[in-house]
>>> print(open('final-v6.txt').read())   # compact mmCIF, C-alpha atoms and all ligand atoms
# COMPACT_ATOMS: atom_id res chain seq x y z
CA MET Q 530 18.34 -72.88 -48.04
CA ALA Q 531 19.18 -76.31 -46.61
CA ALA Q 532 16.99 -79.18 -47.73
CA THR Q 533 14.88 -80.43 -44.88
CA GLN Q 534 13.81 -83.59 -46.65
CA THR Q 535 15.31 -86.90 -45.58
CA LEU Q 536 16.20 -89.13 -48.49
CA SER Q 537 15.07 -92.73 -48.77
CA PRO Q 538 17.71 -95.45 -49.31
CA GLN Q 539 16.39 -95.93 -52.86
CA THR Q 540 16.80 -92.24 -53.71
CA GLN Q 541 20.24 -92.13 -52.06
CA THR Q 542 21.41 -95.07 -54.17
CA LEU Q 543 20.12 -93.52 -57.39
CA LEU Q 544 21.71 -90.16 -56.61
CA ALA Q 545 25.08 -91.82 -55.91
CA GLU Q 546 24.87 -93.61 -59.27
CA MET Q 547 23.89 -90.32 -60.89
CA GLU Q 548 26.99 -88.57 -59.46
CA ALA Q 549 29.18 -91.23 -61.03
CA ALA Q 550 27.70 -91.14 -64.53
CA VAL Q 551 25.64 -88.06 -65.33
CA MET Q 552 27.45 -85.02 -66.75
CA PHE Q 553 27.05 -82.00 -64.51
CA THR Q 554 25.11 -79.13 -66.09
CA ALA Q 555 22.72 -77.96 -63.40
CA LYS Q 556 21.96 -78.18 -59.69
CA ARG Q 557 18.88 -80.34 -59.38
CA PRO Q 558 16.83 -81.24 -56.32
CA PRO Q 559 17.47 -84.65 -54.72
CA VAL Q 560 14.39 -86.15 -56.33
CA VAL Q 561 14.07 -88.90 -58.93
CA MET Q 562 10.75 -88.84 -60.77
CA ALA Q 563 9.02 -92.11 -61.58
CA ARG Q 564 5.56 -91.59 -63.07
CA GLY Q 565 2.90 -89.02 -63.87
CA ARG Q 566 -0.82 -88.63 -64.51
CA GLY Q 567 -2.54 -85.40 -65.47
CA SER Q 568 -1.37 -82.62 -63.15
CA TRP Q 569 0.44 -85.03 -60.83
CA LEU Q 570 3.95 -86.49 -60.69
CA TRP Q 571 5.27 -89.12 -58.29
CA ASP Q 572 8.89 -89.72 -57.33
CA VAL Q 573 10.48 -93.15 -56.84
CA ASP Q 574 9.39 -93.12 -53.18
CA GLY Q 575 5.77 -92.54 -54.17
CA ARG Q 576 5.64 -88.92 -53.01
CA PRO Q 577 3.09 -86.91 -55.06
CA TYR Q 578 3.78 -83.49 -56.57
CA LEU Q 579 1.20 -81.12 -58.03
CA ASP Q 580 2.98 -80.08 -61.21
CA PHE Q 581 2.64 -76.42 -62.23
CA VAL Q 582 5.76 -76.57 -64.40
CA GLN Q 583 4.88 -79.49 -66.68
CA GLY Q 584 8.34 -79.80 -68.19
CA TRP Q 585 8.43 -76.01 -68.78
CA ALA Q 586 5.06 -75.67 -70.48
CA VAL Q 587 5.61 -78.84 -72.49
CA ASN Q 588 2.98 -81.32 -71.32
CA ALA Q 589 -0.03 -79.50 -72.76
CA LEU Q 590 -2.38 -82.37 -71.84
CA GLY Q 591 -0.66 -83.14 -68.54
CA HIS Q 592 1.29 -86.29 -67.79
CA CYS Q 593 0.68 -89.47 -69.78
CA PRO Q 594 -2.54 -88.44 -71.57
CA PRO Q 595 -4.21 -91.61 -72.92
CA VAL Q 596 -4.48 -90.17 -76.46
CA LEU Q 597 -0.71 -89.72 -76.57
CA ALA Q 598 0.03 -93.17 -75.13
CA ARG Q 599 -2.34 -94.79 -77.65
CA ALA Q 600 -0.92 -92.91 -80.63
CA LEU Q 601 2.69 -93.74 -79.70
CA SER Q 602 2.13 -97.40 -78.97
CA ALA Q 603 0.09 -97.98 -82.15
CA GLN Q 604 2.74 -96.28 -84.31
CA ALA Q 605 5.60 -98.08 -82.53
CA LYS Q 606 4.13 -101.40 -83.68
CA VAL Q 607 3.90 -100.31 -87.32
CA LEU Q 608 6.84 -98.06 -88.16
CA VAL Q 609 9.29 -96.38 -85.78
CA ASN Q 610 11.55 -94.91 -88.45
CA ALA Q 611 11.56 -95.25 -92.21
CA SER Q 612 14.04 -92.49 -93.05
CA PRO Q 613 13.76 -88.76 -93.53
CA ALA Q 614 14.50 -89.59 -97.18
CA PHE Q 615 10.95 -90.97 -97.55
CA TYR Q 616 7.59 -89.42 -96.74
CA ASN Q 617 5.37 -91.00 -94.11
CA ALA Q 618 1.62 -90.44 -93.82
CA PRO Q 619 1.59 -89.00 -90.24
CA TRP Q 620 4.13 -86.40 -91.38
CA ILE Q 621 1.91 -85.26 -94.24
CA HIS Q 622 -1.22 -85.21 -92.08
CA PHE Q 623 0.45 -83.29 -89.24
CA ALA Q 624 1.82 -80.71 -91.68
CA GLN Q 625 -1.65 -80.40 -93.21
CA LEU Q 626 -3.25 -79.84 -89.79
CA LEU Q 627 -0.76 -77.13 -88.75
CA SER Q 628 -1.00 -75.46 -92.14
CA GLN Q 629 -4.81 -75.35 -91.94
CA GLN Q 630 -4.90 -74.17 -88.34
CA SER Q 631 -2.20 -71.52 -88.56
CA GLY Q 632 -2.82 -69.66 -91.80
CA LEU Q 633 0.84 -70.15 -92.65
CA ASP Q 634 1.42 -72.55 -95.51
CA LYS Q 635 4.41 -74.83 -95.20
CA VAL Q 636 5.84 -76.83 -92.30
CA PHE Q 637 9.28 -78.29 -91.55
CA PHE Q 638 9.57 -80.62 -88.55
CA THR Q 639 12.47 -81.01 -86.12
CA SER Q 640 12.82 -82.22 -82.53
CA THR Q 641 13.56 -79.16 -80.35
CA GLY Q 642 12.62 -75.50 -80.14
CA ALA Q 643 16.20 -74.40 -80.72
CA GLU Q 644 16.33 -76.39 -83.97
CA ALA Q 645 13.02 -74.91 -85.13
CA ASN Q 646 14.49 -71.44 -84.51
CA GLU Q 647 17.71 -72.40 -86.32
CA GLY Q 648 15.50 -73.30 -89.29
CA ALA Q 649 13.80 -69.89 -89.06
CA LEU Q 650 17.19 -68.17 -88.93
CA LYS Q 651 18.46 -70.13 -91.96
CA LEU Q 652 15.31 -69.20 -93.84
CA ALA Q 653 15.84 -65.53 -92.92
CA ARG Q 654 19.47 -65.59 -94.08
CA LYS Q 655 18.47 -67.39 -97.27
CA TYR Q 656 15.81 -64.75 -97.89
CA GLY Q 657 18.32 -61.97 -97.22
CA ALA Q 658 20.80 -63.57 -99.60
CA VAL Q 659 18.29 -64.02 -102.40
CA LYS Q 660 16.00 -60.99 -102.02
CA LEU Q 661 17.81 -58.32 -99.97
CA ASN Q 662 21.29 -58.15 -101.50
CA GLY Q 663 22.88 -60.35 -98.87
CA ALA Q 664 21.31 -58.77 -95.78
CA TYR Q 665 21.82 -61.17 -92.87
CA GLU Q 666 21.14 -59.38 -89.59
CA VAL Q 667 18.23 -60.40 -87.40
CA ILE Q 668 16.89 -58.03 -84.78
CA THR Q 669 16.03 -59.77 -81.48
CA THR Q 670 15.25 -58.48 -77.99
CA HIS Q 671 16.91 -58.18 -74.60
CA ASN Q 672 15.72 -60.87 -72.23
CA ALA Q 673 14.69 -63.09 -75.14
CA PHE Q 674 15.12 -66.85 -75.02
CA HIS Q 675 15.44 -68.74 -78.29
CA GLY Q 676 17.29 -71.91 -77.23
CA ARG Q 677 20.73 -73.31 -76.51
CA THR Q 678 22.49 -73.99 -79.80
CA LEU Q 679 25.42 -71.62 -80.38
CA ALA Q 680 23.43 -69.47 -82.81
CA MET Q 681 20.34 -69.36 -80.60
CA MET Q 682 22.43 -68.49 -77.53
CA SER Q 683 23.71 -65.57 -79.59
CA ALA Q 684 20.17 -64.70 -80.69
CA SER Q 685 18.90 -64.79 -77.10
CA GLY Q 686 19.15 -61.64 -75.00
CA LYS Q 687 20.30 -63.23 -71.77
CA ALA Q 688 22.94 -61.02 -70.14
CA ALA Q 689 24.53 -64.03 -68.39
CA TRP Q 690 25.32 -65.58 -71.79
CA ASP Q 691 27.07 -62.52 -73.27
CA LYS Q 692 30.59 -63.77 -72.50
CA LEU Q 693 29.88 -67.47 -72.82
CA PHE Q 694 31.24 -69.82 -75.51
CA LEU Q 695 32.99 -67.06 -77.46
CA PRO Q 696 33.12 -66.18 -80.25
CA LYS Q 697 29.41 -65.45 -80.60
CA VAL Q 698 27.60 -66.22 -83.82
CA PRO Q 699 27.45 -62.82 -85.55
CA GLY Q 700 24.41 -61.25 -87.14
CA PHE Q 701 22.14 -60.46 -84.20
CA VAL Q 702 21.18 -56.99 -83.02
CA HIS Q 703 19.49 -56.79 -79.62
CA VAL Q 704 17.00 -54.08 -78.69
CA PRO Q 705 14.70 -53.60 -75.66
CA PHE Q 706 11.49 -55.67 -75.71
CA ASN Q 707 8.14 -53.97 -76.36
CA ASP Q 708 9.94 -50.89 -77.74
CA LEU Q 709 8.91 -50.29 -81.34
CA ALA Q 710 11.06 -47.19 -81.80
CA ALA Q 711 14.14 -49.20 -80.79
CA VAL Q 712 13.40 -51.75 -83.52
CA ALA Q 713 12.75 -49.05 -86.11
CA GLY Q 714 16.06 -47.42 -85.18
CA ALA Q 715 17.97 -50.70 -85.49
CA ILE Q 716 16.89 -51.50 -89.06
CA THR Q 717 19.69 -51.06 -91.60
CA LYS Q 718 20.39 -52.30 -95.13
CA ASN Q 719 21.86 -55.41 -93.45
CA THR Q 720 18.61 -56.38 -91.72
CA CYS Q 721 16.66 -59.37 -93.06
CA ALA Q 722 14.30 -60.25 -90.20
CA ILE Q 723 12.88 -59.42 -86.77
CA MET Q 724 12.44 -62.28 -84.29
CA VAL Q 725 10.44 -61.98 -81.04
CA GLU Q 726 8.39 -64.02 -78.59
CA PRO Q 727 4.80 -62.75 -78.22
CA VAL Q 728 5.21 -63.42 -74.51
CA GLN Q 729 8.76 -63.68 -73.20
CA GLY Q 730 8.58 -66.86 -71.16
CA GLU Q 731 12.06 -67.58 -69.76
CA GLY Q 732 12.64 -63.84 -69.51
CA GLY Q 733 10.01 -63.70 -66.75
CA VAL Q 734 6.59 -63.66 -68.47
CA HIS Q 735 6.55 -60.31 -70.27
CA VAL Q 736 3.58 -59.86 -72.58
CA ALA Q 737 4.07 -57.96 -75.84
CA ASP Q 738 1.62 -55.09 -76.40
CA VAL Q 739 -0.78 -55.36 -79.32
CA ALA Q 740 0.58 -52.10 -80.77
CA TYR Q 741 4.12 -53.51 -80.58
CA ILE Q 742 3.44 -56.71 -82.52
CA GLN Q 743 1.25 -54.87 -85.05
CA GLY Q 744 3.99 -52.23 -85.34
CA LEU Q 745 6.59 -54.94 -86.02
CA ARG Q 746 4.32 -56.32 -88.76
CA ALA Q 747 4.08 -52.86 -90.32
CA LEU Q 748 7.87 -52.31 -90.12
CA CYS Q 749 8.47 -55.70 -91.76
CA ASP Q 750 6.02 -54.89 -94.55
CA GLN Q 751 7.58 -51.47 -95.09
CA HIS Q 752 11.18 -52.73 -95.21
CA LYS Q 753 10.39 -56.17 -96.75
CA LEU Q 754 11.76 -57.99 -93.68
CA LEU Q 755 10.61 -61.34 -92.33
CA LEU Q 756 8.58 -61.27 -89.13
CA ILE Q 757 9.57 -64.38 -87.17
CA LEU Q 758 7.49 -65.20 -84.10
CA ASP Q 759 9.05 -67.68 -81.69
CA GLU Q 760 5.96 -69.41 -80.28
CA VAL Q 761 7.87 -72.39 -78.90
CA GLN Q 762 6.44 -71.58 -75.47
CA THR Q 763 3.26 -69.63 -76.34
CA GLY Q 764 1.93 -71.92 -79.09
CA ILE Q 765 -0.61 -74.77 -78.91
CA GLY Q 766 -3.15 -73.17 -76.61
CA ARG Q 767 -0.83 -72.10 -73.81
CA VAL Q 768 -1.84 -68.42 -73.89
CA GLY Q 769 -5.56 -68.88 -74.55
CA SER Q 770 -5.58 -69.20 -78.35
CA LEU Q 771 -4.05 -71.96 -80.46
CA PHE Q 772 -1.30 -69.48 -81.42
CA ALA Q 773 -0.50 -66.26 -79.55
CA TYR Q 774 -0.35 -64.16 -82.74
CA GLN Q 775 -4.10 -64.71 -83.22
CA GLN Q 776 -4.62 -62.34 -80.30
CA TYR Q 777 -2.60 -59.66 -82.14
CA GLN Q 778 -4.49 -59.85 -85.45
CA VAL Q 779 -1.30 -60.27 -87.46
CA LEU Q 780 0.16 -63.14 -89.44
CA PRO Q 781 3.90 -63.76 -89.07
CA ASP Q 782 5.99 -64.77 -92.09
CA VAL Q 783 7.74 -67.48 -90.12
CA LEU Q 784 6.49 -69.19 -86.98
CA THR Q 785 8.28 -71.63 -84.70
CA LEU Q 786 6.64 -74.17 -82.41
CA GLY Q 787 7.98 -76.70 -79.91
CA LYS Q 788 7.31 -77.49 -76.25
CA GLY Q 789 3.52 -78.12 -76.16
CA LEU Q 790 3.46 -79.29 -79.78
CA GLY Q 791 4.25 -82.89 -78.83
CA GLY Q 792 2.73 -82.81 -75.35
CA GLY Q 793 5.99 -84.16 -73.91
CA PHE Q 794 7.30 -85.99 -76.95
CA PRO Q 795 10.14 -84.08 -78.64
CA VAL Q 796 8.80 -82.42 -81.77
CA SER Q 797 9.12 -78.88 -83.08
CA ALA Q 798 8.25 -77.07 -86.28
CA THR Q 799 9.25 -74.15 -88.46
CA LEU Q 800 6.30 -72.79 -90.47
CA CYS Q 801 6.42 -70.25 -93.29
CA ARG Q 802 4.22 -68.57 -95.82
CA ASN Q 803 4.42 -69.83 -99.40
CA ALA Q 804 6.45 -66.82 -100.50
CA TYR Q 805 9.26 -67.86 -98.15
CA ASN Q 806 9.25 -71.55 -98.99
CA ILE Q 807 12.69 -70.96 -100.54
CA PHE Q 808 15.11 -73.61 -99.28
CA GLU Q 809 16.86 -75.43 -102.08
CA VAL Q 810 17.89 -79.08 -102.08
CA GLY Q 811 20.39 -79.87 -99.33
CA GLU Q 812 20.01 -76.64 -97.37
CA GLN Q 813 17.85 -77.95 -94.53
CA GLY Q 814 17.30 -81.42 -93.08
CA GLY Q 815 18.15 -83.75 -90.23
CA THR Q 816 18.15 -87.38 -89.17
CA PHE Q 817 15.06 -87.13 -86.98
CA CYS Q 818 13.04 -84.69 -89.09
CA ALA Q 819 9.40 -85.75 -89.28
CA GLN Q 820 10.12 -88.94 -87.33
CA PRO Q 821 6.88 -91.01 -87.38
CA LEU Q 822 6.54 -91.33 -83.58
CA ALA Q 823 6.95 -87.57 -83.22
CA MET Q 824 4.40 -86.99 -85.97
CA VAL Q 825 1.68 -89.16 -84.43
CA ALA Q 826 2.40 -87.65 -81.00
CA GLY Q 827 2.00 -84.12 -82.33
CA LEU Q 828 -1.09 -84.99 -84.35
CA ALA Q 829 -2.77 -86.59 -81.33
CA VAL Q 830 -1.92 -83.68 -79.04
CA VAL Q 831 -2.96 -80.86 -81.38
CA GLN Q 832 -6.20 -82.64 -82.37
CA GLU Q 833 -7.05 -83.13 -78.69
CA VAL Q 834 -6.24 -79.51 -77.81
CA ILE Q 835 -8.64 -78.38 -80.56
CA ARG Q 836 -11.34 -80.99 -79.86
CA ARG Q 837 -11.49 -80.17 -76.15
CA LYS Q 838 -11.28 -76.40 -76.76
CA LEU Q 839 -8.31 -76.25 -74.40
CA PRO Q 840 -7.19 -72.76 -75.49
CA GLN Q 841 -10.48 -71.32 -74.15
CA ARG Q 842 -10.14 -73.39 -71.02
CA ALA Q 843 -6.57 -72.10 -70.54
CA GLU Q 844 -7.85 -68.55 -70.90
CA GLN Q 845 -10.60 -69.09 -68.29
CA ASN Q 846 -8.49 -71.03 -65.82
CA GLY Q 847 -5.63 -68.58 -66.26
CA ARG Q 848 -7.93 -65.79 -65.13
CA TYR Q 849 -9.02 -67.97 -62.20
CA LEU Q 850 -5.40 -68.56 -61.17
CA MET Q 851 -4.61 -64.85 -61.49
CA ARG Q 852 -7.60 -63.97 -59.29
CA GLY Q 853 -6.33 -66.43 -56.70
CA LEU Q 854 -2.86 -64.87 -56.81
CA ALA Q 855 -4.43 -61.41 -56.46
CA LYS Q 856 -6.10 -62.60 -53.24
CA LEU Q 857 -2.71 -63.69 -51.83
CA ALA Q 858 -0.96 -60.51 -52.98
CA PRO Q 859 -1.64 -58.17 -50.04
CA ARG Q 860 -0.58 -60.74 -47.46
CA PHE Q 861 2.78 -61.50 -49.12
CA GLY Q 862 3.51 -58.30 -51.04
CA LEU Q 863 3.16 -60.00 -54.44
CA LYS Q 864 3.36 -57.59 -57.39
CA ASN Q 865 2.82 -57.51 -61.16
CA ILE Q 866 0.54 -60.51 -61.59
CA ARG Q 867 0.68 -60.90 -65.34
CA GLY Q 868 0.44 -63.30 -68.23
CA LYS Q 869 -1.86 -64.75 -70.83
CA GLY Q 870 -3.82 -67.97 -70.55
CA LEU Q 871 -1.87 -70.47 -68.46
CA LEU Q 872 1.48 -68.71 -68.76
CA ILE Q 873 1.53 -66.55 -65.66
CA GLY Q 874 4.17 -64.66 -63.71
CA VAL Q 875 4.24 -62.82 -60.41
CA ASP Q 876 6.96 -60.84 -58.65
CA LEU Q 877 7.98 -61.45 -55.03
CA PRO Q 878 8.93 -58.58 -52.71
CA GLN Q 879 12.45 -60.08 -52.39
CA ASP Q 880 14.86 -62.08 -54.62
CA LYS Q 881 13.64 -65.33 -53.11
CA GLY Q 882 12.13 -67.16 -56.08
CA ALA Q 883 14.57 -70.07 -55.79
CA ASP Q 884 13.78 -70.49 -52.08
CA VAL Q 885 10.05 -70.51 -52.72
CA VAL Q 886 10.57 -73.19 -55.39
CA VAL Q 887 12.49 -75.41 -52.92
CA VAL Q 888 9.98 -75.04 -50.09
CA ALA Q 889 6.98 -75.46 -52.41
CA ARG Q 890 8.51 -78.68 -53.75
CA GLU Q 891 8.99 -80.00 -50.23
CA LEU Q 892 5.31 -79.25 -49.65
CA GLY Q 893 4.41 -81.10 -52.87
CA LEU Q 894 4.00 -78.26 -55.39
CA LEU Q 895 6.27 -77.82 -58.43
CA LEU Q 896 6.89 -74.21 -59.45
CA ASN Q 897 9.49 -72.38 -61.51
CA SER Q 898 11.43 -69.18 -60.89
CA PRO Q 899 12.74 -67.82 -64.21
CA GLN Q 900 14.16 -64.66 -62.57
CA LEU Q 901 15.43 -64.00 -59.02
CA ALA Q 902 12.20 -62.41 -57.79
CA THR Q 903 9.73 -63.99 -60.24
CA LEU Q 904 7.58 -67.11 -60.00
CA ARG Q 905 6.13 -68.65 -63.18
CA PHE Q 906 3.08 -70.91 -63.42
CA MET Q 907 2.57 -73.20 -66.45
CA PRO Q 908 0.23 -76.02 -65.43
CA ALA Q 909 -1.26 -78.44 -67.94
CA LEU Q 910 -3.97 -76.92 -70.16
CA THR Q 911 -6.22 -79.60 -68.62
CA VAL Q 912 -5.62 -78.46 -65.01
CA SER Q 913 -8.82 -78.36 -62.92
CA ARG Q 914 -10.05 -75.55 -60.67
CA LYS Q 915 -9.68 -77.89 -57.70
CA GLU Q 916 -6.01 -78.39 -58.59
CA ILE Q 917 -5.56 -74.62 -58.96
CA ASP Q 918 -7.08 -74.17 -55.49
CA GLN Q 919 -4.71 -76.82 -54.10
CA ALA Q 920 -1.74 -75.11 -55.73
CA LEU Q 921 -2.71 -71.71 -54.30
CA HIS Q 922 -3.07 -73.27 -50.86
CA LEU Q 923 0.40 -74.88 -51.04
CA LEU Q 924 1.87 -71.68 -52.49
CA ALA Q 925 0.51 -69.67 -49.55
CA GLN Q 926 2.16 -72.12 -47.14
CA ALA Q 927 5.48 -71.85 -49.00
CA LEU Q 928 5.33 -68.04 -49.08
CA GLU Q 929 4.52 -68.04 -45.36
CA ARG Q 930 7.69 -70.01 -44.64
CA VAL Q 931 10.02 -68.10 -46.94
CA LEU Q 932 8.81 -64.51 -46.70
CA ILE Q 933 7.33 -64.14 -43.21
C1 LIG U 1001 12.09 -73.36 -74.57
C2 LIG U 1001 12.19 -72.34 -75.63
C3 LIG U 1001 13.06 -72.49 -76.72
C4 LIG U 1001 14.02 -73.65 -76.84
O1 LIG U 1001 13.40 -74.88 -76.95
P1 LIG U 1001 14.26 -76.23 -76.75
O2 LIG U 1001 13.29 -77.32 -77.05
O3 LIG U 1001 14.75 -76.22 -75.34
O4 LIG U 1001 15.38 -76.18 -77.72
C5 LIG U 1001 13.05 -71.53 -77.71
N1 LIG U 1001 12.24 -70.47 -77.64
C6 LIG U 1001 11.38 -70.28 -76.60
C7 LIG U 1001 10.48 -69.09 -76.60
C8 LIG U 1001 11.34 -71.20 -75.56
O5 LIG U 1001 10.53 -71.00 -74.52
>>> encode(input="final-v6.txt", output="structure tokens")
Amino acid sequence: MAATQTLSPQTQTLLAEMEAAVMFTAKRPPVVMARGRGSWLWDVDGRPYLDFVQGWAVNALGHCPPVLARALSAQAKVLVNASPAFYNAPWIHFAQLLSQQSGLDKVFFTSTGAEANEGALKLARKYGAVKLNGAYEVITTHNAFHGRTLAMMSASGKAAWDKLFLPKVPGFVHVPFNDLAAVAGAITKNTCAIMVEPVQGEGGVHVADVAYIQGLRALCDQHKLLLILDEVQTGIGRVGSLFAYQQYQVLPDVLTLGKGLGGGFPVSATLCRNAYNIFEVGEQGGTFCAQPLAMVAGLAVVQEVIRRKLPQRAEQNGRYLMRGLAKLAPRFGLKNIRGKGLLIGVDLPQDKGADVVVVARELGLLLNSPQLATLRFMPALTVSRKEIDQALHLLAQALERVLI
């Protein structure tokens, strides 16, 4: 679909400079973002966008929340980086908060979701080496997304990645999602862990059944395997509880967090139960682990999410958004409105997700299309009903132009 927007001289200049210097990895719209507030973003020309992507479910509190700005600027004046070789107080306090809130015991901090998952994988292989006679295989699911390091691209179940960057990192067995029998059938003496997302986000918003997650817990108990839940996207209130697993009445052995954890500041975490706190000296670390700015950012965001009861609000406003989508459904042939909290997906009658995203953006609404015929909504946990109404109104206009 051809862009109908005319570009300002300022944007044209920036895009020309971009062409000359920025490595190509993706086709991006001809927009340069300048500032944000709550659910709104503005580009360099001052055009507003109602943001229902929020950096892919990252900005839990919306753009530039004052608590985050205050925490970062205060810390920046005191200590930006001591060294991961020394403790810092925000690190200890953030670990304490996540440990208390999660029911898991120990926390290791990194910067990205992929790194948090790498930590979980290393822990699983360590556990297999020490406790399961060298078992190293991890069972993951088709359509899964665990990040973009080489190992996590191998762990992910994205068909388009199967032949990419060969050779693959070995040790992953992929089975269909939400299929307990398939997992049971894939367990061998080489298996050390099962890793799943409670809601597949990038895969197109597919919610795991309660019986599935509880069944995985039972299989892990029976075979002494680690249950690893990748909550990089679902954690920190996104799906209507602080952690998604709380809605499944199970406790994972290892949990990974990222995205919303820092509300836009890069911070991620690998959590484990005491029994699996088994790394030895030198086996895990990193230059930016538990970086003080990241620690105060995460602390401020998680405390605010809890204080303002944002998981409950996400649950209520998610239902409100889904009701609004249900009202649009007959007119546009929308199907399979699904999700949890403010992680919501809907299928279009045609493979036109990318076109809807373009037209919606031109109308001033930011959406995401994780699959050809799927739209995904991940507004800030602080989004208002008025903003949801505005988004539905703009969405209807976009669907009108693309589908009718
Ligand atoms: C986004 C995502 C990741 C990867 O996080 P990065 O910060 O991009 O490395 C991993 N797992 C899930 C479920 C995600 O949604």
>>> residues_around(input="final-v6.txt", residues="Tyr774 in chain Q", least_positions_apart="5", cutoff="9 Å", atoms="all atoms listed in the file", output="PyMOL selection string")
chain Q and resi 727+742+758+760+764+779-781
>>> residues_around(input="final-v6.txt", residues="range 586-600 of chain Q", least_positions_apart="2", cutoff="6 Å", atoms="only C-alpha atoms", output="PyMOL selection string")
chain Q and resi 565-568+583-584+602-603+788-789+792-793+825-826+907+909-911
>>> write_last_selection(input="final-v6.txt", atoms="C-alpha atoms", output="PDB file, in the frame of the given file")
ATOM      1  CA  GLY Q 565       2.900 -89.020 -63.870  1.00  0.00           C
ATOM      2  CA  ARG Q 566      -0.820 -88.630 -64.510  1.00  0.00           C
ATOM      3  CA  GLY Q 567      -2.540 -85.400 -65.470  1.00  0.00           C
ATOM      4  CA  SER Q 568      -1.370 -82.620 -63.150  1.00  0.00           C
ATOM      5  CA  GLN Q 583       4.880 -79.490 -66.680  1.00  0.00           C
ATOM      6  CA  GLY Q 584       8.340 -79.800 -68.190  1.00  0.00           C
ATOM      7  CA  SER Q 602       2.130 -97.400 -78.970  1.00  0.00           C
ATOM      8  CA  ALA Q 603       0.090 -97.980 -82.150  1.00  0.00           C
ATOM      9  CA  LYS Q 788       7.310 -77.490 -76.250  1.00  0.00           C
ATOM     10  CA  GLY Q 789       3.520 -78.120 -76.160  1.00  0.00           C
ATOM     11  CA  GLY Q 792       2.730 -82.810 -75.350  1.00  0.00           C
ATOM     12  CA  GLY Q 793       5.990 -84.160 -73.910  1.00  0.00           C
ATOM     13  CA  VAL Q 825       1.680 -89.160 -84.430  1.00  0.00           C
ATOM     14  CA  ALA Q 826       2.400 -87.650 -81.000  1.00  0.00           C
ATOM     15  CA  MET Q 907       2.570 -73.200 -66.450  1.00  0.00           C
ATOM     16  CA  ALA Q 909      -1.260 -78.440 -67.940  1.00  0.00           C
ATOM     17  CA  LEU Q 910      -3.970 -76.920 -70.160  1.00  0.00           C
ATOM     18  CA  THR Q 911      -6.220 -79.600 -68.620  1.00  0.00           C
TER      19      THR Q 911
END
>>> atom_distance(input="final-v6.txt", atom1="CA of Asp759 in chain Q", atom2="CA of His675 in chain Q")
7.3 Å
>>> atom_distance(input="final-v6.txt", atom1="CA of Phe706 in chain Q", atom2="CA of Glu644 in chain Q")
22.8 Å
>>> residues_near_ligand(input="final-v6.txt", ligand="ligand LIG 1001 (chain U)", cutoff="10 Å", atoms="all atoms listed in the file", output="number ranges by chain")
Q: 584-587, 639-647, 673-678, 681-682, 685, 725-732, 758-764, 785-789, 795-797
>>> write_last_selection(input="final-v6.txt", atoms="C-alpha atoms", output="compact mmCIF listing (two decimals), in the coordinates of the input")
# COMPACT_ATOMS: atom_id res chain seq x y z
CA GLY Q 584 8.34 -79.80 -68.19
CA TRP Q 585 8.43 -76.01 -68.78
CA ALA Q 586 5.06 -75.67 -70.48
CA VAL Q 587 5.61 -78.84 -72.49
CA THR Q 639 12.47 -81.01 -86.12
CA SER Q 640 12.82 -82.22 -82.53
CA THR Q 641 13.56 -79.16 -80.35
CA GLY Q 642 12.62 -75.50 -80.14
CA ALA Q 643 16.20 -74.40 -80.72
CA GLU Q 644 16.33 -76.39 -83.97
CA ALA Q 645 13.02 -74.91 -85.13
CA ASN Q 646 14.49 -71.44 -84.51
CA GLU Q 647 17.71 -72.40 -86.32
CA ALA Q 673 14.69 -63.09 -75.14
CA PHE Q 674 15.12 -66.85 -75.02
CA HIS Q 675 15.44 -68.74 -78.29
CA GLY Q 676 17.29 -71.91 -77.23
CA ARG Q 677 20.73 -73.31 -76.51
CA THR Q 678 22.49 -73.99 -79.80
CA MET Q 681 20.34 -69.36 -80.60
CA MET Q 682 22.43 -68.49 -77.53
CA SER Q 685 18.90 -64.79 -77.10
CA VAL Q 725 10.44 -61.98 -81.04
CA GLU Q 726 8.39 -64.02 -78.59
CA PRO Q 727 4.80 -62.75 -78.22
CA VAL Q 728 5.21 -63.42 -74.51
CA GLN Q 729 8.76 -63.68 -73.20
CA GLY Q 730 8.58 -66.86 -71.16
CA GLU Q 731 12.06 -67.58 -69.76
CA GLY Q 732 12.64 -63.84 -69.51
CA LEU Q 758 7.49 -65.20 -84.10
CA ASP Q 759 9.05 -67.68 -81.69
CA GLU Q 760 5.96 -69.41 -80.28
CA VAL Q 761 7.87 -72.39 -78.90
CA GLN Q 762 6.44 -71.58 -75.47
CA THR Q 763 3.26 -69.63 -76.34
CA GLY Q 764 1.93 -71.92 -79.09
CA THR Q 785 8.28 -71.63 -84.70
CA LEU Q 786 6.64 -74.17 -82.41
CA GLY Q 787 7.98 -76.70 -79.91
CA LYS Q 788 7.31 -77.49 -76.25
CA GLY Q 789 3.52 -78.12 -76.16
CA PRO Q 795 10.14 -84.08 -78.64
CA VAL Q 796 8.80 -82.42 -81.77
CA SER Q 797 9.12 -78.88 -83.08
>>> closest_atom_pairs(input="final-v6.txt", of="range 680-788 of chain Q", to="range 833-847 of chain Q", cutoff="10 Å", atoms="all atoms listed in the file", output="JSON lines")
{"residue": "Q:Gly764", "atom": "CA", "partner": "Q:Pro840", "partner_atom": "CA", "distance": 9.8}
{"residue": "Q:Ile765", "atom": "CA", "partner": "Q:Val834", "partner_atom": "CA", "distance": 7.4}
{"residue": "Q:Gly766", "atom": "CA", "partner": "Q:Pro840", "partner_atom": "CA", "distance": 4.2}
{"residue": "Q:Arg767", "atom": "CA", "partner": "Q:Ala843", "partner_atom": "CA", "distance": 6.6}
{"residue": "Q:Val768", "atom": "CA", "partner": "Q:Glu844", "partner_atom": "CA", "distance": 6.7}
{"residue": "Q:Gly769", "atom": "CA", "partner": "Q:Pro840", "partner_atom": "CA", "distance": 4.3}
{"residue": "Q:Ser770", "atom": "CA", "partner": "Q:Pro840", "partner_atom": "CA", "distance": 4.8}
{"residue": "Q:Leu771", "atom": "CA", "partner": "Q:Pro840", "partner_atom": "CA", "distance": 5.9}
{"residue": "Q:Phe772", "atom": "CA", "partner": "Q:Pro840", "partner_atom": "CA", "distance": 9.0}
